[in-house]
Amino acid sequence: MLTQDQIKARFIPFSSLRYSTEAFIDYRIPGCAPKKNYALIGAGVSQNPNQPVSLREKHGFQVGGVAMPAGKINPPHMHFTAEVFICTQGNWNLHWGFNPEVLKAGIEAGDIASMPTWMYRGFQNVGEDEGFMFTALGRDDTGGILWGPDTLAAARAQGVHLTEDYRIIDEQLGQTWNEADQRLEPMTTAEISALRAWTPAQMAQRVVRFAELDWSAHALLDSTLPGCGAQLAPVIGLGMTQDRNHAAPIANSHGFSIEWLKIPAGGRMSRHQLAEKQVLVVYQGQVDVVVETQEQPPAQNSQPASGVPVHSLATSSPQSWDSFAMPAQCWRSYHNTGPTDAVVLVMTPGDGRKTIQWCPEVLAAAATNDQAIDANGFVAPKRFVDRSQR
């Protein structure tokens with residue numbers, strides 16, 4: 001059971017975030033700095049042991065962020081697990097490969113892009129002002145990061161070296177480099193050529209535009225109940241949607257799912273729980289995130305015990321987006337206390353479908369509206385669900 005203080009500590013206001021401008025070896029390369037790297041949840045992949053982290057607790061994936069001034073570039077690098085960019089501010093070009101012709105895909109606020117594993121990728125802020133992207137990396141252990149040969153060479157030209165055990169040695173700080181430190185060797189040209197080549201058309205299928213989201217008003221059992229009205233739009237993997245006709249445009253394994261939750265002004269997502277942890281990021285509006293101190297699931301067919309509700313008001317602005325690290329198996333609800341729609345990014349670990357357990361009050365209210373959850377976990381007419389049990 002989590003205490004009230006422990007629940008409050010899982011609220012991550014954007015104003016509380018701390019960053020490092022020396023997280024990676026590119027921080028002295030002309031055109032790459034300054035770059036602000038944030039680590040919100042999980043250990044991340046920073047090569048700076050002093051990288052601030054908001055919450056190190058394992059969630060099955062890692063959440064970070066990056067902010068860069070206009071024109072700055074993050075050079076090619078590679079990850080072994082999924083990397084997803086969630087743009088909340090600005091205009092960005094994602095680029096990949098080492099081809100003579102630059103391969104790129106543009107994203108803007110609200111767009112989400114999933115980068116394949118074992119592909120060199122980078123990004124550039126092509127907007128007029130500083131931009132921000134949240135990042136999600138698959139698994140608790142991402143395996144680290146590999147830099148392209150040109151990046152390592154450009155860093156060495158500035159006196160910055162990366163050792164085989166991923167320590168940064170900076171000669172401009174008075175640190176001494178010698179060959180006994182075993183410089184990290186990059187992939188060879190032949191090894192890079194053997195990697196899969198991705199075309200712009202293929203990568204376009206891995207970008208989900210906010211303007212093209214598939215919102216469902218029947219994605220949750222309580223969606224049609226008075227005072228509720230929440231909708232879901234899947235983005236990656238099997239999330240918690242209860243609409244049988246819903247499918248995410250990006251379906252391959254990431255180790256986590258991503259979907260958007262939209263709650264109308266004055267609406268809510270009613271009291272429920274999940275077996276998995278979740279990470280919420282308020283992209284638009286403001287949401288009262290209510291979490292109860294009672295974490296253990298109730299006995300079968302019994303009334304769930306009510307714990308002490310802990311309220312966290314998560315808000316957004318054009319330059320800030322609050323987050324919340326939701327614990328597993330806790331009763332929670334979300335209330336839109338603002339004057340406009342609230343839009344929340346929801347990230348949940350695991351490649352399988354996530355099963356929502358609704359409280360008895362929601363089940364009873366839905367039943368009066370001829371709504372129930374069928375044997376496959378989707379919203380259906382209760383009269384037919386009941387008939388199947390005879």
# chains A, B, ... in the order shown; residues from 1 in each chain; ligands from 1
call {"tool": "select_by_dssp", "arguments": {"residues": "segment 224-345 of chain A", "states": "strand (DSSP E or B)", "output": "JSON, numbers by chain"}}
result
{"A": [231, 232, 233, 234, 235, 236, 250, 256, 257, 258, 259, 260, 261, 262, 263, 268, 269, 270, 271, 272, 273, 278, 279, 280, 281, 282, 283, 284, 286, 287, 288, 289, 290, 291, 292, 309, 310, 311, 312, 313, 314, 315, 316, 317, 320, 321, 323, 324, 325, 326, 332, 333, 334, 335, 336, 342, 343, 344, 345]}
call {"tool": "residues_around", "arguments": {"residues": "segment 328-335 of chain A", "least_positions_apart": "4", "cutoff": "8 Å", "atoms": "only C-alpha atoms", "output": "compact mmCIF listing (two decimals) with N, CA and C atoms, in the first residue's frame"}}
result
# COMPACT_ATOMS: atom_id res chain seq x y z
N ILE A 263 -10.74 14.02 -22.38
CA ILE A 263 -11.85 14.15 -21.44
C ILE A 263 -12.48 15.52 -21.65
N GLY A 266 -15.45 19.29 -17.65
CA GLY A 266 -16.39 18.79 -16.65
C GLY A 266 -16.54 17.29 -16.64
N GLY A 267 -15.93 16.58 -17.58
CA GLY A 267 -16.06 15.12 -17.67
C GLY A 267 -15.02 14.39 -16.85
N ARG A 268 -15.06 13.07 -16.93
CA ARG A 268 -14.13 12.28 -16.13
C ARG A 268 -13.98 10.89 -16.74
N MET A 269 -12.92 10.23 -16.34
CA MET A 269 -12.79 8.78 -16.48
C MET A 269 -12.99 8.23 -15.08
N SER A 270 -14.01 7.40 -14.90
CA SER A 270 -14.47 7.01 -13.57
C SER A 270 -13.49 6.11 -12.85
N ARG A 271 -13.83 5.79 -11.63
CA ARG A 271 -12.99 5.01 -10.72
C ARG A 271 -12.71 3.62 -11.32
N HIS A 272 -11.41 3.29 -11.42
CA HIS A 272 -10.98 2.04 -12.04
C HIS A 272 -9.58 1.71 -11.56
N GLN A 273 -9.10 0.53 -11.95
CA GLN A 273 -7.71 0.18 -11.69
C GLN A 273 -7.19 -0.72 -12.79
N LEU A 274 -5.88 -0.81 -12.90
CA LEU A 274 -5.21 -1.69 -13.84
C LEU A 274 -4.12 -2.45 -13.10
N ALA A 275 -3.74 -3.60 -13.64
CA ALA A 275 -2.67 -4.38 -13.05
C ALA A 275 -1.32 -3.77 -13.35
N GLU A 276 -1.24 -2.94 -14.40
CA GLU A 276 0.04 -2.37 -14.82
C GLU A 276 0.24 -0.95 -14.27
N LYS A 277 1.49 -0.56 -14.20
CA LYS A 277 1.81 0.84 -13.96
C LYS A 277 1.48 1.63 -15.24
N GLN A 278 1.38 2.92 -15.11
CA GLN A 278 1.17 3.78 -16.27
C GLN A 278 1.92 5.09 -16.07
N VAL A 287 -6.10 18.32 -15.44
CA VAL A 287 -6.76 17.11 -14.96
C VAL A 287 -6.46 16.92 -13.48
N ASP A 288 -7.52 16.68 -12.71
CA ASP A 288 -7.36 16.29 -11.31
C ASP A 288 -7.17 14.77 -11.29
N VAL A 289 -5.94 14.34 -11.04
CA VAL A 289 -5.61 12.92 -10.97
C VAL A 289 -5.84 12.46 -9.53
N VAL A 290 -6.81 11.58 -9.34
CA VAL A 290 -7.17 11.12 -8.00
C VAL A 290 -6.71 9.68 -7.83
N VAL A 291 -5.85 9.43 -6.86
CA VAL A 291 -5.33 8.09 -6.59
C VAL A 291 -5.61 7.76 -5.13
N GLU A 292 -6.12 6.56 -4.88
CA GLU A 292 -6.45 6.15 -3.52
C GLU A 292 -5.29 5.37 -2.90
N THR A 293 -5.11 5.56 -1.61
CA THR A 293 -4.01 4.90 -0.91
C THR A 293 -4.18 3.39 -0.86
N GLN A 294 -5.42 2.88 -0.97
CA GLN A 294 -5.64 1.43 -0.98
C GLN A 294 -5.16 0.87 -2.31
N GLU A 295 -4.08 0.08 -2.29
CA GLU A 295 -3.49 -0.41 -3.53
C GLU A 295 -3.85 -1.85 -3.82
N GLN A 296 -4.12 -2.68 -2.80
CA GLN A 296 -4.36 -4.09 -3.03
C GLN A 296 -5.73 -4.30 -3.67
N PRO A 297 -5.84 -5.19 -4.66
CA PRO A 297 -7.13 -5.45 -5.29
C PRO A 297 -8.08 -6.11 -4.31
call {"tool": "residues_around", "arguments": {"residues": "Val102 of chain A", "least_positions_apart": "2", "cutoff": "12 Å", "atoms": "only C-alpha atoms", "output": "list of chain:residue names"}}
result
A:Pro76, A:Asn93, A:Leu94, A:His95, A:Trp96, A:Gly97, A:Phe98, A:Asn99, A:Pro100, A:Lys104, A:Ala105, A:Arg121, A:Gly122, A:Phe123, A:Trp198, A:Thr199, A:Pro200
call {"tool": "closest_residue", "arguments": {"among": "A:Met68, A:Ile112, A:Val282, A:Ala157", "to": "Val235 of chain A", "atoms": "only C-alpha atoms"}}
result
A:Ile112
call {"tool": "closest_residue", "arguments": {"among": "A:Leu173, A:Thr337, A:Ala230, A:Ala372", "to": "Pro360 of chain A", "atoms": "only C-alpha atoms"}}
result
A:Ala372
call {"tool": "select_by_dssp", "arguments": {"residues": "segment 131-363 of chain A", "states": "helix (DSSP H, G or I)", "output": "PyMOL selection string"}}
result
chain A and resi 149-157+171-173+179-181+189-193+200-204+210-212+360-363
call {"tool": "closest_residue", "arguments": {"among": "A:Pro249, A:Pro149, A:Gly110, A:Pro264", "to": "Thr189 of chain A", "atoms": "only C-alpha atoms"}}
result
A:Pro149
call {"tool": "closest_residue", "arguments": {"among": "A:Ala70, A:Val45, A:Ala366, A:Leu17", "to": "Gln124 of chain A", "atoms": "only C-alpha atoms"}}
result
A:Ala70
call {"tool": "closest_residue", "arguments": {"among": "A:Ala153, A:Ala43, A:Ala190, A:Ile73", "to": "Asp141 of chain A", "atoms": "only C-alpha atoms"}}
result
A:Ala43
call {"tool": "closest_residue", "arguments": {"among": "A:Pro327, A:Gly285, A:Pro75, A:Gly127", "to": "Gly148 of chain A", "atoms": "only C-alpha atoms"}}
result
A:Pro75
call {"tool": "residues_around", "arguments": {"residues": "Gly255 of chain A", "least_positions_apart": "4", "cutoff": "9 Å", "atoms": "only C-alpha atoms", "output": "ChimeraX atom specification"}}
result
/A:60-61,81-82,137-139,237,348-352
call {"tool": "residues_around", "arguments": {"residues": "Val279 of chain A", "least_positions_apart": "4", "cutoff": "6 Å", "atoms": "only C-alpha atoms", "output": "list in words"}}
result
Phe324, Ala325, Met326, Val346 and Met347 of chain A
call {"tool": "residues_around", "arguments": {"residues": "Pro30 of chain A", "least_positions_apart": "5", "cutoff": "10 Å", "atoms": "only C-alpha atoms", "output": "compact mmCIF listing (two decimals) with C-alpha atoms, in the first residue's frame"}}
result
# COMPACT_ATOMS: atom_id res chain seq x y z
CA LYS A 72 20.32 22.67 -33.45
CA ILE A 73 20.79 19.03 -34.40
CA ALA A 154 33.60 15.17 -34.57
CA ALA A 155 33.62 14.85 -30.78
CA GLN A 158 36.75 18.91 -29.85
call {"tool": "residues_around", "arguments": {"residues": "Thr135 of chain A", "least_positions_apart": "6", "cutoff": "9 Å", "atoms": "only C-alpha atoms", "output": "mmCIF file with C-alpha atoms, in the first residue's frame"}}
result
data_model
loop_
_atom_site.group_PDB
_atom_site.id
_atom_site.type_symbol
_atom_site.label_atom_id
_atom_site.label_comp_id
_atom_site.auth_asym_id
_atom_site.auth_seq_id
_atom_site.Cartn_x
_atom_site.Cartn_y
_atom_site.Cartn_z
ATOM 1 C CA GLN A 62 11.820 4.838 -19.858
ATOM 2 C CA VAL A 63 10.482 8.366 -20.263
ATOM 3 C CA GLY A 64 12.725 11.319 -21.025
ATOM 4 C CA GLY A 65 12.642 14.595 -22.840
ATOM 5 C CA VAL A 66 14.759 16.851 -25.013
ATOM 6 C CA GLU A 83 12.449 4.820 -29.316
ATOM 7 C CA VAL A 84 9.376 7.006 -29.636
ATOM 8 C CA PHE A 85 9.354 10.787 -30.051
ATOM 9 C CA ILE A 86 6.308 12.676 -28.741
ATOM 10 C CA CYS A 87 6.415 16.265 -29.973
#
